[in-house]
>>> print(open('start_38.txt').read())   # compact mmCIF, C-alpha atoms and all ligand atoms
# COMPACT_ATOMS: atom_id res chain seq x y z
CA MET A 271 25.53 -50.51 -143.51
CA ASN A 272 25.93 -46.87 -144.54
CA HIS A 273 28.56 -47.54 -147.22
CA ILE A 274 27.94 -44.21 -148.97
CA ALA A 275 29.43 -42.46 -145.92
CA GLU A 276 32.69 -44.40 -146.11
CA ALA A 277 35.90 -42.58 -146.99
CA LEU A 278 38.35 -43.74 -149.67
CA ILE A 279 41.82 -42.57 -150.66
CA ILE A 280 43.01 -42.52 -154.27
CA ARG A 281 46.58 -41.40 -155.09
CA ASN A 282 46.82 -39.78 -151.63
CA ILE A 283 43.64 -37.77 -152.26
CA PRO A 284 40.94 -38.40 -149.62
CA PHE A 285 37.33 -38.80 -150.75
CA LYS A 286 35.27 -38.17 -147.62
CA ASN A 287 32.36 -40.25 -148.90
CA ARG A 288 31.25 -42.25 -151.95
CA ILE A 289 28.89 -39.74 -153.52
CA ILE A 290 30.15 -38.05 -156.66
CA LYS A 291 28.29 -35.42 -158.62
CA GLY A 292 28.24 -36.61 -162.23
CA ALA A 293 29.27 -34.03 -164.85
CA MET A 294 26.51 -31.63 -165.84
CA SER A 295 27.30 -28.95 -168.38
CA GLU A 296 26.55 -25.71 -166.52
CA ALA A 297 26.12 -23.51 -169.63
CA LEU A 298 27.08 -20.48 -167.52
CA ALA A 299 30.29 -19.28 -169.18
CA ASN A 300 30.63 -16.18 -171.34
CA ARG A 301 31.36 -16.33 -175.07
CA ALA A 302 35.09 -16.68 -174.38
CA GLY A 303 34.37 -19.85 -172.36
CA GLN A 304 35.56 -18.43 -169.04
CA PRO A 305 34.27 -19.64 -165.67
CA ASN A 306 32.80 -16.92 -163.45
CA LYS A 307 31.05 -16.15 -160.15
CA LEU A 308 28.04 -18.29 -161.08
CA HIS A 309 30.29 -21.37 -161.23
CA LEU A 310 31.74 -20.48 -157.84
CA GLY A 311 28.27 -20.03 -156.31
CA LEU A 312 27.02 -23.29 -157.79
CA TYR A 313 29.94 -25.42 -156.62
CA ASP A 314 29.87 -23.69 -153.24
CA ALA A 315 26.26 -24.86 -152.80
CA TRP A 316 27.25 -28.39 -153.80
CA GLY A 317 30.28 -28.30 -151.48
CA LYS A 318 28.02 -27.26 -148.59
CA GLY A 319 25.70 -30.09 -149.58
CA GLY A 320 28.31 -32.65 -148.53
CA LEU A 321 29.48 -34.25 -151.79
CA GLY A 322 32.63 -36.37 -151.61
CA CYS A 323 33.55 -35.24 -155.10
CA ALA A 324 32.16 -33.07 -157.89
CA ILE A 325 33.00 -33.61 -161.53
CA THR A 326 32.61 -30.33 -163.42
CA GLY A 327 30.39 -30.05 -166.45
CA ASN A 328 32.26 -30.85 -169.60
CA VAL A 329 35.04 -28.38 -170.37
CA MET A 330 36.05 -28.08 -174.00
CA VAL A 331 39.68 -28.54 -175.01
CA ASP A 332 39.22 -26.63 -178.29
CA TRP A 333 37.48 -23.28 -178.56
CA ARG A 334 36.60 -24.11 -182.18
CA ALA A 335 34.62 -27.15 -181.05
CA LYS A 336 31.98 -26.15 -178.51
CA ASN A 337 29.00 -28.37 -177.82
CA GLU A 338 26.74 -25.54 -176.65
CA PRO A 339 26.72 -21.83 -175.88
CA GLY A 340 27.99 -21.05 -172.37
CA VAL A 341 30.36 -24.00 -172.13
CA VAL A 342 33.74 -23.56 -170.38
CA VAL A 343 36.93 -23.89 -172.45
CA ILE A 344 40.55 -24.55 -171.35
CA GLU A 345 43.18 -24.01 -174.03
CA THR A 346 45.89 -21.93 -172.38
CA GLU A 347 46.73 -20.45 -168.97
CA ARG A 348 44.77 -17.30 -169.85
CA ASP A 349 42.12 -18.05 -167.21
CA LEU A 350 44.35 -19.76 -164.65
CA ALA A 351 43.30 -17.36 -161.87
CA LYS A 352 39.61 -18.06 -162.53
CA PHE A 353 40.14 -21.84 -162.56
CA THR A 354 42.16 -21.55 -159.36
CA GLU A 355 39.21 -19.80 -157.65
CA TRP A 356 36.95 -22.61 -158.87
CA ALA A 357 39.31 -25.33 -157.59
CA ASN A 358 39.52 -23.59 -154.22
CA VAL A 359 35.76 -23.86 -153.69
CA GLY A 360 36.00 -27.62 -153.22
CA LYS A 361 38.96 -27.38 -150.86
CA GLN A 362 36.90 -25.40 -148.31
CA TYR A 363 34.53 -28.37 -147.98
CA GLY A 364 36.90 -31.29 -148.48
CA MET A 365 35.10 -31.95 -151.79
CA VAL A 366 37.42 -33.40 -154.45
CA GLN A 367 36.91 -31.71 -157.84
CA LEU A 368 37.70 -33.29 -161.20
CA VAL A 369 37.49 -31.30 -164.43
CA GLN A 370 35.66 -33.17 -167.15
CA LEU A 371 37.68 -32.64 -170.34
CA SER A 372 35.77 -33.05 -173.55
CA HIS A 373 35.64 -32.63 -177.30
CA PRO A 374 32.16 -33.01 -178.79
CA GLY A 375 33.25 -34.05 -182.29
CA ARG A 376 30.11 -34.24 -184.43
CA GLN A 377 27.72 -33.39 -181.56
CA CYS A 378 27.90 -29.61 -182.06
CA PRO A 379 24.72 -27.74 -183.00
CA LYS A 380 24.77 -26.12 -186.41
CA GLY A 381 25.93 -22.52 -186.47
CA LEU A 382 27.78 -22.57 -183.15
CA ASN A 383 31.22 -23.36 -184.60
CA LYS A 384 32.80 -22.57 -187.95
CA GLU A 385 32.90 -26.26 -188.82
CA THR A 386 32.38 -29.62 -187.15
CA VAL A 387 34.96 -32.39 -187.15
CA ALA A 388 34.73 -36.09 -186.25
CA PRO A 389 36.51 -39.39 -186.99
CA SER A 390 34.44 -39.73 -190.18
CA ALA A 391 31.88 -37.70 -192.12
CA VAL A 392 28.84 -39.61 -190.84
CA PRO A 393 25.50 -37.70 -190.98
CA PHE A 394 22.90 -37.77 -188.19
CA SER A 395 19.49 -39.41 -188.35
CA PRO A 396 16.89 -37.19 -190.10
CA LEU A 397 15.39 -36.01 -186.79
CA LEU A 398 18.70 -34.79 -185.36
CA ALA A 399 20.10 -33.61 -188.71
CA THR A 400 17.97 -30.48 -188.33
CA THR A 401 20.16 -29.56 -185.33
CA PHE A 402 23.50 -31.25 -186.06
CA GLY A 403 25.33 -31.00 -189.40
CA THR A 404 27.45 -33.66 -191.10
CA PRO A 405 31.02 -33.34 -189.82
CA ARG A 406 34.28 -33.28 -191.76
CA ALA A 407 36.66 -36.22 -191.14
CA LEU A 408 39.70 -35.28 -189.06
CA GLU A 409 43.15 -35.43 -190.62
CA GLU A 410 45.82 -37.32 -188.69
CA GLY A 411 47.66 -34.13 -187.70
CA GLU A 412 44.42 -32.78 -186.23
CA ILE A 413 43.91 -35.97 -184.20
CA LEU A 414 47.39 -35.54 -182.72
CA ASP A 415 46.60 -31.90 -181.97
CA ILE A 416 43.44 -32.83 -180.05
CA ILE A 417 45.37 -35.42 -178.00
CA ALA A 418 47.90 -32.72 -177.08
CA ARG A 419 45.03 -30.37 -176.17
CA PHE A 420 43.59 -32.87 -173.65
CA ALA A 421 47.04 -33.15 -172.05
CA GLU A 422 47.57 -29.40 -171.91
CA ALA A 423 44.10 -28.82 -170.42
CA ALA A 424 44.87 -31.45 -167.76
CA ARG A 425 48.19 -29.80 -166.95
CA ILE A 426 46.44 -26.44 -166.49
CA SER A 427 43.70 -28.06 -164.38
CA GLU A 428 46.35 -29.46 -162.03
CA LYS A 429 48.17 -26.12 -161.87
CA ALA A 430 44.86 -24.48 -160.92
CA GLY A 431 44.49 -26.90 -158.00
CA PHE A 432 41.95 -29.46 -159.24
CA GLU A 433 42.64 -32.94 -157.89
CA GLY A 434 42.16 -34.61 -161.24
CA VAL A 435 40.38 -34.78 -164.56
CA GLN A 436 37.80 -36.99 -166.15
CA LEU A 437 38.04 -37.71 -169.88
CA HIS A 438 34.57 -37.62 -171.43
CA GLY A 439 34.58 -40.87 -173.35
CA ALA A 440 30.81 -41.47 -173.25
CA HIS A 441 27.51 -40.16 -174.70
CA GLY A 442 28.61 -39.93 -178.32
CA TYR A 443 31.29 -37.27 -177.77
CA LEU A 444 34.53 -37.44 -179.76
CA ILE A 445 36.29 -40.25 -177.81
CA SER A 446 33.08 -42.27 -177.96
CA GLN A 447 32.76 -41.49 -181.71
CA PHE A 448 36.22 -43.02 -182.23
CA LEU A 449 35.16 -46.11 -180.27
CA SER A 450 31.92 -46.74 -182.16
CA PRO A 451 31.96 -48.36 -185.61
CA LEU A 452 28.82 -46.34 -186.43
CA THR A 453 30.74 -43.07 -186.33
CA ASN A 454 34.29 -44.27 -187.01
CA LYS A 455 34.68 -45.50 -190.59
CA ARG A 456 38.40 -44.72 -190.79
CA GLN A 457 40.79 -47.08 -192.52
CA ASP A 458 43.99 -45.79 -190.93
CA GLN A 459 45.47 -46.62 -187.51
CA TRP A 460 42.55 -44.78 -185.80
CA GLY A 461 39.75 -46.93 -187.21
CA GLY A 462 38.72 -50.47 -188.14
CA SER A 463 39.62 -52.97 -185.41
CA ILE A 464 38.73 -52.18 -181.79
CA GLU A 465 42.48 -51.91 -181.08
CA ASN A 466 42.60 -49.05 -183.59
CA ARG A 467 39.33 -47.44 -182.49
CA MET A 468 40.49 -47.25 -178.85
CA ARG A 469 43.90 -45.82 -179.81
CA PHE A 470 42.59 -42.23 -179.50
CA LEU A 471 41.43 -42.81 -175.90
CA LEU A 472 44.63 -44.58 -174.89
CA GLU A 473 46.87 -41.94 -176.46
CA ILE A 474 44.93 -39.20 -174.65
CA TYR A 475 45.30 -41.07 -171.36
CA LYS A 476 49.07 -41.50 -171.87
CA ALA A 477 49.52 -37.84 -172.85
CA VAL A 478 47.55 -36.64 -169.81
CA ARG A 479 49.50 -38.91 -167.45
CA ALA A 480 52.80 -37.69 -168.91
CA LYS A 481 51.90 -34.02 -168.29
CA THR A 482 50.55 -34.37 -164.74
CA SER A 483 51.98 -35.47 -161.40
CA GLU A 484 51.78 -38.84 -159.71
CA ASN A 485 49.03 -37.72 -157.32
CA PHE A 486 46.76 -36.47 -160.08
CA ILE A 487 43.59 -38.51 -160.52
CA ILE A 488 42.59 -39.51 -164.04
CA SER A 489 39.12 -40.86 -164.64
CA VAL A 490 37.21 -41.67 -167.79
CA LYS A 491 33.48 -41.81 -168.41
CA LEU A 492 32.64 -44.66 -170.78
CA ASN A 493 29.50 -46.10 -172.28
CA SER A 494 28.50 -49.62 -171.37
CA ALA A 495 26.79 -49.56 -174.80
CA ASP A 496 25.78 -47.06 -177.53
CA PHE A 497 22.23 -48.46 -177.48
CA GLN A 498 22.23 -48.29 -181.30
CA ARG A 499 22.11 -51.16 -183.76
CA GLY A 500 25.56 -51.72 -185.27
CA GLY A 501 27.28 -49.83 -182.40
CA ILE A 502 30.19 -51.02 -180.29
CA THR A 503 29.61 -54.57 -179.05
CA GLU A 504 29.70 -55.61 -175.41
CA GLU A 505 32.85 -57.70 -176.03
CA GLU A 506 34.53 -54.62 -177.50
CA VAL A 507 33.42 -52.43 -174.58
CA ILE A 508 34.95 -54.97 -172.18
CA GLN A 509 38.19 -54.82 -174.19
CA VAL A 510 38.23 -51.03 -173.90
CA PHE A 511 37.63 -51.14 -170.12
CA LYS A 512 40.42 -53.69 -169.72
CA ALA A 513 42.88 -51.72 -171.84
CA ILE A 514 42.36 -48.37 -170.08
CA ASP A 515 42.50 -50.18 -166.73
CA ALA A 516 45.80 -51.82 -167.64
CA ALA A 517 47.12 -48.41 -168.72
CA GLY A 518 46.54 -47.17 -165.14
CA ILE A 519 43.23 -45.25 -165.05
CA ASP A 520 42.01 -44.48 -161.51
CA ILE A 521 38.21 -44.38 -161.90
CA ILE A 522 35.92 -45.47 -164.72
CA GLU A 523 32.43 -43.99 -164.63
CA VAL A 524 29.93 -46.30 -166.30
CA SER A 525 27.22 -44.65 -168.39
CA GLY A 526 25.61 -45.26 -171.78
CA GLY A 527 23.95 -43.75 -174.83
CA THR A 528 24.47 -40.89 -177.28
CA TYR A 529 22.44 -37.85 -178.39
CA GLU A 530 20.82 -40.22 -180.91
CA ALA A 531 19.92 -42.78 -178.23
CA PRO A 532 19.99 -40.94 -174.88
CA ALA A 533 20.14 -43.93 -172.53
CA MET A 534 22.18 -41.91 -170.01
CA ALA A 535 18.90 -40.27 -168.96
CA GLY A 536 17.22 -43.68 -168.56
CA ALA A 537 14.88 -45.60 -170.77
CA LYS A 538 11.22 -44.65 -170.37
CA ALA A 539 9.99 -46.08 -167.07
CA ASP A 540 7.64 -48.58 -168.75
CA GLN A 541 10.46 -49.88 -170.99
CA ARG A 542 12.91 -50.53 -168.19
CA LYS A 543 13.73 -54.06 -167.21
CA ALA A 544 12.25 -55.08 -163.86
CA SER A 545 15.77 -55.71 -162.53
CA THR A 546 16.78 -52.12 -163.39
CA ILE A 547 13.72 -50.68 -161.70
CA ALA A 548 14.44 -52.76 -158.61
CA ARG A 549 18.07 -51.64 -158.49
CA GLU A 550 17.39 -48.03 -159.59
CA ALA A 551 20.63 -47.54 -161.51
CA TYR A 552 20.50 -48.07 -165.27
CA PHE A 553 24.01 -49.50 -165.75
CA LEU A 554 24.53 -51.53 -162.58
CA ASP A 555 24.18 -54.93 -164.26
CA PHE A 556 26.99 -54.02 -166.63
CA ALA A 557 29.14 -52.67 -163.77
CA GLU A 558 28.73 -55.96 -161.95
CA LYS A 559 29.96 -57.81 -165.03
CA ILE A 560 32.95 -55.52 -165.63
CA ARG A 561 33.91 -55.39 -161.93
CA LYS A 562 35.46 -58.83 -162.28
CA GLU A 563 37.55 -57.72 -165.27
CA VAL A 564 39.19 -54.51 -164.02
CA LYS A 565 41.04 -53.43 -160.88
CA CYS A 566 40.42 -49.65 -161.02
CA HIS A 567 37.58 -48.00 -159.09
CA LEU A 568 34.16 -48.01 -160.72
CA MET A 569 31.52 -45.31 -160.47
CA VAL A 570 27.99 -45.89 -161.72
CA THR A 571 25.80 -42.94 -162.68
CA GLY A 572 22.21 -42.82 -163.84
CA GLY A 573 19.02 -43.42 -161.89
CA PHE A 574 20.23 -43.65 -158.30
CA ARG A 575 17.66 -42.00 -156.02
CA THR A 576 17.55 -43.76 -152.63
CA ALA A 577 20.08 -44.30 -149.85
CA LYS A 578 19.02 -47.95 -149.78
CA GLY A 579 19.63 -48.44 -153.53
CA MET A 580 23.05 -46.79 -153.30
CA ASN A 581 24.14 -48.75 -150.26
CA ALA A 582 22.98 -51.97 -151.91
CA ALA A 583 25.04 -51.18 -155.03
CA LEU A 584 28.17 -50.53 -152.94
CA ASP A 585 27.47 -53.57 -150.78
CA SER A 586 27.18 -55.82 -153.84
CA GLY A 587 30.71 -54.77 -154.76
CA ALA A 588 29.63 -53.68 -158.26
CA CYS A 589 31.12 -50.21 -157.79
CA GLU A 590 32.97 -48.05 -155.28
CA PHE A 591 31.32 -44.72 -156.14
CA ILE A 592 27.76 -43.56 -156.71
CA GLY A 593 27.23 -40.89 -159.35
CA ILE A 594 24.28 -38.52 -159.03
CA ALA A 595 23.43 -35.77 -161.47
CA ARG A 596 19.89 -34.43 -162.05
CA PRO A 597 18.65 -34.43 -158.43
CA LEU A 598 21.53 -32.09 -157.55
CA ALA A 599 20.09 -29.44 -159.85
CA VAL A 600 16.99 -29.07 -157.71
CA GLU A 601 18.31 -29.93 -154.25
CA THR A 602 21.94 -29.14 -153.62
CA ASP A 603 22.11 -30.91 -150.23
CA VAL A 604 21.32 -34.38 -151.60
CA SER A 605 24.61 -35.83 -150.37
CA ASN A 606 24.06 -34.78 -146.74
CA ARG A 607 20.47 -36.07 -146.91
CA LEU A 608 21.45 -39.45 -148.32
CA ILE A 609 24.20 -39.96 -145.78
CA ALA A 610 21.64 -39.19 -143.07
CA GLY A 611 19.49 -42.00 -144.51
CA HIS A 612 16.93 -39.91 -146.45
CA ASP A 613 16.17 -40.28 -150.15
CA VAL A 614 16.25 -37.58 -152.82
CA ARG A 615 13.14 -35.38 -152.74
CA TYR A 616 12.69 -35.02 -156.50
CA ALA A 617 13.31 -38.02 -158.76
CA VAL A 618 13.79 -35.81 -161.82
CA GLU A 619 13.30 -37.70 -165.06
CA GLN A 620 12.72 -36.57 -168.64
CA ILE A 621 12.00 -32.86 -169.07
CA LYS A 622 9.08 -32.43 -171.50
CA THR A 623 7.73 -29.32 -173.16
CA GLY A 624 4.75 -31.12 -174.72
CA ILE A 625 6.10 -30.30 -178.21
CA PRO A 626 6.94 -33.77 -179.63
CA PHE A 627 9.93 -32.88 -181.86
CA VAL A 628 11.52 -30.80 -179.09
CA ASP A 629 11.00 -33.54 -176.53
CA LYS A 630 12.80 -36.06 -178.73
CA MET A 631 15.97 -33.96 -178.73
CA ALA A 632 18.57 -34.05 -175.95
CA ILE A 633 18.47 -30.24 -175.85
CA MET A 634 15.74 -29.90 -173.18
CA GLU A 635 17.91 -31.93 -170.84
CA ILE A 636 20.44 -29.10 -171.02
CA LEU A 637 18.23 -26.00 -171.00
CA TRP A 638 15.99 -26.67 -168.04
CA TYR A 639 18.95 -27.58 -165.88
CA ALA A 640 20.99 -24.59 -167.00
CA ALA A 641 18.19 -22.36 -165.67
CA GLN A 642 18.43 -24.13 -162.29
CA PHE A 643 22.23 -23.82 -162.21
CA LYS A 644 22.02 -20.09 -162.90
CA ALA A 645 19.59 -19.61 -160.01
CA ILE A 646 21.78 -21.62 -157.61
CA GLY A 647 24.89 -19.77 -158.81
CA GLU A 648 23.13 -16.50 -157.98
CA GLY A 649 22.42 -17.75 -154.46
CA LYS A 650 18.71 -18.37 -155.16
CA LYS A 651 16.75 -21.56 -154.58
CA PRO A 652 16.27 -23.93 -157.55
CA ASN A 653 12.68 -24.46 -158.72
CA PRO A 654 11.67 -28.10 -159.31
CA ASN A 655 8.35 -26.87 -160.78
CA LEU A 656 9.92 -24.65 -163.43
CA SER A 657 7.91 -24.92 -166.67
CA PRO A 658 9.95 -26.68 -169.44
CA LEU A 659 7.84 -24.98 -172.11
CA LYS A 660 8.65 -21.54 -170.73
CA VAL A 661 12.36 -22.43 -170.65
CA PHE A 662 12.25 -23.67 -174.24
CA LEU A 663 10.46 -20.59 -175.56
CA ASN A 664 13.01 -18.41 -173.84
CA TYR A 665 15.82 -20.44 -175.40
CA ALA A 666 14.29 -20.28 -178.88
CA LYS A 667 14.15 -16.50 -178.55
CA ASN A 668 17.75 -16.13 -177.31
CA ASN A 669 19.35 -18.89 -179.33
CA ILE A 670 19.04 -17.09 -182.62
CA LYS A 671 21.26 -14.39 -181.12
CA ALA A 672 23.71 -16.98 -179.71
CA ILE A 673 24.05 -18.68 -183.09
CA ILE A 674 24.79 -15.39 -184.84
CA GLN A 675 27.30 -14.50 -182.11
CA GLY A 676 28.92 -17.91 -182.45
CA ARG A 677 29.42 -17.31 -186.17
CA VAL A 678 30.94 -13.89 -185.63
CA ASN A 679 33.28 -15.34 -183.00
CA SER A 680 34.38 -18.18 -185.28
CA ARG A 681 35.28 -15.65 -187.94
CA LYS A 682 37.25 -13.57 -185.43
CA SER A 683 39.26 -16.58 -184.25
CA ALA A 684 40.06 -17.86 -187.72
C1 LIG B 1 21.85 -30.80 -167.70
C2 LIG B 1 22.72 -31.99 -167.86
C3 LIG B 1 23.98 -31.82 -168.33
C4 LIG B 1 24.82 -32.92 -168.47
N1 LIG B 1 26.08 -32.71 -168.89
C5 LIG B 1 26.94 -33.74 -168.91
C6 LIG B 1 28.30 -33.52 -169.22
O1 LIG B 1 28.75 -32.39 -169.43
N2 LIG B 1 29.11 -34.60 -169.24
C7 LIG B 1 28.65 -35.87 -168.98
O2 LIG B 1 29.43 -36.81 -169.00
N3 LIG B 1 27.37 -36.10 -168.67
C8 LIG B 1 26.51 -35.06 -168.61
N4 LIG B 1 25.22 -35.29 -168.23
C9 LIG B 1 24.79 -36.66 -167.85
C10 LIG B 1 24.94 -36.89 -166.34
O3 LIG B 1 26.28 -36.82 -165.90
C11 LIG B 1 24.39 -38.27 -165.93
O4 LIG B 1 25.14 -39.26 -166.60
C12 LIG B 1 22.91 -38.46 -166.22
O5 LIG B 1 22.17 -37.29 -165.90
C13 LIG B 1 22.33 -39.65 -165.42
O6 LIG B 1 22.46 -39.47 -164.03
P1 LIG B 1 21.21 -39.06 -163.08
O7 LIG B 1 20.13 -40.07 -163.33
O8 LIG B 1 21.72 -39.07 -161.69
O9 LIG B 1 20.79 -37.70 -163.53
C14 LIG B 1 24.36 -34.20 -168.13
C15 LIG B 1 23.05 -34.37 -167.66
C16 LIG B 1 22.24 -33.28 -167.51
C17 LIG B 1 20.86 -33.47 -166.98
>>> encode(input="start_38.txt", output="structure tokens", more="lines below")
Ligand SMILES: Cc1cc2nc3c(=O)[nH]c(=O)nc-3n(C[C@H](O)[C@H](O)[C@H](O)COP(=O)(O)O)c2cc1C
Amino acid sequence: MNHIAEALIIRNIPFKNRIIKGAMSEALANRAGQPNKLHLGLYDAWGKGGLGCAITGNVMVDWRAKNEPGVVVIETERDLAKFTEWANVGKQYGMVQLVQLSHPGRQCPKGLNKETVAPSAVPFSPLLATTFGTPRALEEGEILDIIARFAEAARISEKAGFEGVQLHGAHGYLISQFLSPLTNKRQDQWGGSIENRMRFLLEIYKAVRAKTSENFIISVKLNSADFQRGGITEEEVIQVFKAIDAAGIDIIEVSGGTYEAPAMAGAKADQRKASTIAREAYFLDFAEKIRKEVKCHLMVTGGFRTAKGMNAALDSGACEFIGIARPLAVETDVSNRLIAGHDVRYAVEQIKTGIPFVDKMAIMEILWYAAQFKAIGEGKKPNPNLSPLKVFLNYAKNNIKAIIQGRVNSRKSA
């Protein structure tokens, strides 16, 4: 059965098939965080490629908290016309578009923002501490402000014409930092018990729902695990899934990992369990378990590469949507190919420069892809053979400038 080709309607919004592009930060915006023609070109290529839905790369809700240079920001209606153009791209192709709303919390590289905030002032491991500084703990008023920012960004996304939003609650970003006891050491109503640690997520969900219409889709991307000792337990993760489901979420995307333990990109092939290799997707076993506990739609992202593997996952009932990310950076027509029964051409895995300390950081996973997105946005063909070392050296050269610019900008906005 070709389940990936089946349509599905959520809140009156038709998904023409089950293939969703997982969020990938495009890193194409200018310093003011505005989307531009490159975004339009990129999503046009993906629309042509037959996706049922595309989730944008993460869009920051606070200009003072950017996770990387070139990231898009929504704070006010200043760029409504630009976002409207972006939303219209999907409509031409019947491709649903969700804006991934995000706050990176502590996962902001040093020098990019004036300061870094998080639930608690927890430092990074020595390897990552060279890139990421120790954050300042948020005050309660600031937590409430961030919740309001998510809601306002969702309202603007709907006004621009996007069919919904996805809250980035995975990969060690701020919502995920609140959920994990490793990064949330608070003793107020936002920390301690799992009920308190998930309050931030639930309050954001409620605020977003209150500011958007009934037909607006709200999704959340959540970790099945942090993959770190002392992190959120599986029982707690199940509690979080159940609570956000009961609150009324439409789609939960299942992922895993943080910058410190990047499981979202897959464990090294030789460390993967045989069952994961057989089923391709990294988090399918967890999805199967949680499927029985929640009624919302589930999307699983990470590792899917064959039409057979995707159809088997849908057939098993573990999820209703298949998320695909990296292959779409080097072949934009993956969705059409899969629906026609072909597999992806390039099973892109870890991007390595050959420099050990660089290869241990999540940064290469952003840079190499950003170069592909820029080419696609310009109407060129992506290059699966692009040298990671060349991309890194180019970044190292330009990043010094970006960091200085980031500092100047922070001062201007203060
Ligand atoms: C360049 C790049 C940027 C990414 N940016 C985001 C992001 O902004 N938000 C997010 O939730 N996940 C992000 N991811 C993770 C992907 O959505 C996805 O979970 C991961 O790549 C596994 O799926 P895949 O095996 O199909 O690539 C990014 C991944 C890559 C490679």
>>> residues_around(input="start_38.txt", residues="segment 446-459 of chain A", least_positions_apart="3", cutoff="8 Å", atoms="only C-alpha atoms", output="PyMOL selection string")
chain A and resi 375+388-392+439-443+462+464+466-470+492-493+496+500-502
>>> write_last_selection(input="start_38.txt", atoms="C-alpha atoms", output="PDB file, in the coordinates of the input")
ATOM      1  CA  GLY A 375      33.250 -34.050-182.290  1.00  0.00           C
ATOM      2  CA  ALA A 388      34.730 -36.090-186.250  1.00  0.00           C
ATOM      3  CA  PRO A 389      36.510 -39.390-186.990  1.00  0.00           C
ATOM      4  CA  SER A 390      34.440 -39.730-190.180  1.00  0.00           C
ATOM      5  CA  ALA A 391      31.880 -37.700-192.120  1.00  0.00           C
ATOM      6  CA  VAL A 392      28.840 -39.610-190.840  1.00  0.00           C
ATOM      7  CA  GLY A 439      34.580 -40.870-173.350  1.00  0.00           C
ATOM      8  CA  ALA A 440      30.810 -41.470-173.250  1.00  0.00           C
ATOM      9  CA  HIS A 441      27.510 -40.160-174.700  1.00  0.00           C
ATOM     10  CA  GLY A 442      28.610 -39.930-178.320  1.00  0.00           C
ATOM     11  CA  TYR A 443      31.290 -37.270-177.770  1.00  0.00           C
ATOM     12  CA  GLY A 462      38.720 -50.470-188.140  1.00  0.00           C
ATOM     13  CA  ILE A 464      38.730 -52.180-181.790  1.00  0.00           C
ATOM     14  CA  ASN A 466      42.600 -49.050-183.590  1.00  0.00           C
ATOM     15  CA  ARG A 467      39.330 -47.440-182.490  1.00  0.00           C
ATOM     16  CA  MET A 468      40.490 -47.250-178.850  1.00  0.00           C
ATOM     17  CA  ARG A 469      43.900 -45.820-179.810  1.00  0.00           C
ATOM     18  CA  PHE A 470      42.590 -42.230-179.500  1.00  0.00           C
ATOM     19  CA  LEU A 492      32.640 -44.660-170.780  1.00  0.00           C
ATOM     20  CA  ASN A 493      29.500 -46.100-172.280  1.00  0.00           C
ATOM     21  CA  ASP A 496      25.780 -47.060-177.530  1.00  0.00           C
ATOM     22  CA  GLY A 500      25.560 -51.720-185.270  1.00  0.00           C
ATOM     23  CA  GLY A 501      27.280 -49.830-182.400  1.00  0.00           C
ATOM     24  CA  ILE A 502      30.190 -51.020-180.290  1.00  0.00           C
TER      25      ILE A 502
END
>>> residues_near_ligand(input="start_38.txt", ligand="ligand LIG 1 (chain B)", cutoff="8 Å", atoms="only C-alpha atoms and all ligand atoms", output="PyMOL selection string")
chain A and resi 291-296+326-329+370+438-441+491+525-526+534-536+551+571-575+593-597+618-619+635-640
>>> closest_residue(input="start_38.txt", among="A:Leu350, A:Leu554, A:Val478, A:Ala588", to="His567 of chain A", atoms="all atoms listed in the file")
A:Ala588
>>> residues_around(input="start_38.txt", residues="segment 313-322 of chain A", least_positions_apart="2", cutoff="9 Å", atoms="all atoms listed in the file", output="ChimeraX atom specification")
/A:275,277,284-291,308-311,324,326,356,359-367,598,601-607,609,646-647,649
>>> write_last_selection(input="start_38.txt", atoms="C-alpha atoms", output="tab-separated table (two decimals), keeping the file's coordinate frame")
chain	number	residue	atom	x	y	z
A	275	ALA	CA	29.43	-42.46	-145.92
A	277	ALA	CA	35.90	-42.58	-146.99
A	284	PRO	CA	40.94	-38.40	-149.62
A	285	PHE	CA	37.33	-38.80	-150.75
A	286	LYS	CA	35.27	-38.17	-147.62
A	287	ASN	CA	32.36	-40.25	-148.90
A	288	ARG	CA	31.25	-42.25	-151.95
A	289	ILE	CA	28.89	-39.74	-153.52
A	290	ILE	CA	30.15	-38.05	-156.66
A	291	LYS	CA	28.29	-35.42	-158.62
A	308	LEU	CA	28.04	-18.29	-161.08
A	309	HIS	CA	30.29	-21.37	-161.23
A	310	LEU	CA	31.74	-20.48	-157.84
A	311	GLY	CA	28.27	-20.03	-156.31
A	324	ALA	CA	32.16	-33.07	-157.89
A	326	THR	CA	32.61	-30.33	-163.42
A	356	TRP	CA	36.95	-22.61	-158.87
A	359	VAL	CA	35.76	-23.86	-153.69
A	360	GLY	CA	36.00	-27.62	-153.22
A	361	LYS	CA	38.96	-27.38	-150.86
A	362	GLN	CA	36.90	-25.40	-148.31
A	363	TYR	CA	34.53	-28.37	-147.98
A	364	GLY	CA	36.90	-31.29	-148.48
A	365	MET	CA	35.10	-31.95	-151.79
A	366	VAL	CA	37.42	-33.40	-154.45
A	367	GLN	CA	36.91	-31.71	-157.84
A	598	LEU	CA	21.53	-32.09	-157.55
A	601	GLU	CA	18.31	-29.93	-154.25
A	602	THR	CA	21.94	-29.14	-153.62
A	603	ASP	CA	22.11	-30.91	-150.23
A	604	VAL	CA	21.32	-34.38	-151.60
A	605	SER	CA	24.61	-35.83	-150.37
A	606	ASN	CA	24.06	-34.78	-146.74
A	607	ARG	CA	20.47	-36.07	-146.91
A	609	ILE	CA	24.20	-39.96	-145.78
A	646	ILE	CA	21.78	-21.62	-157.61
A	647	GLY	CA	24.89	-19.77	-158.81
A	649	GLY	CA	22.42	-17.75	-154.46
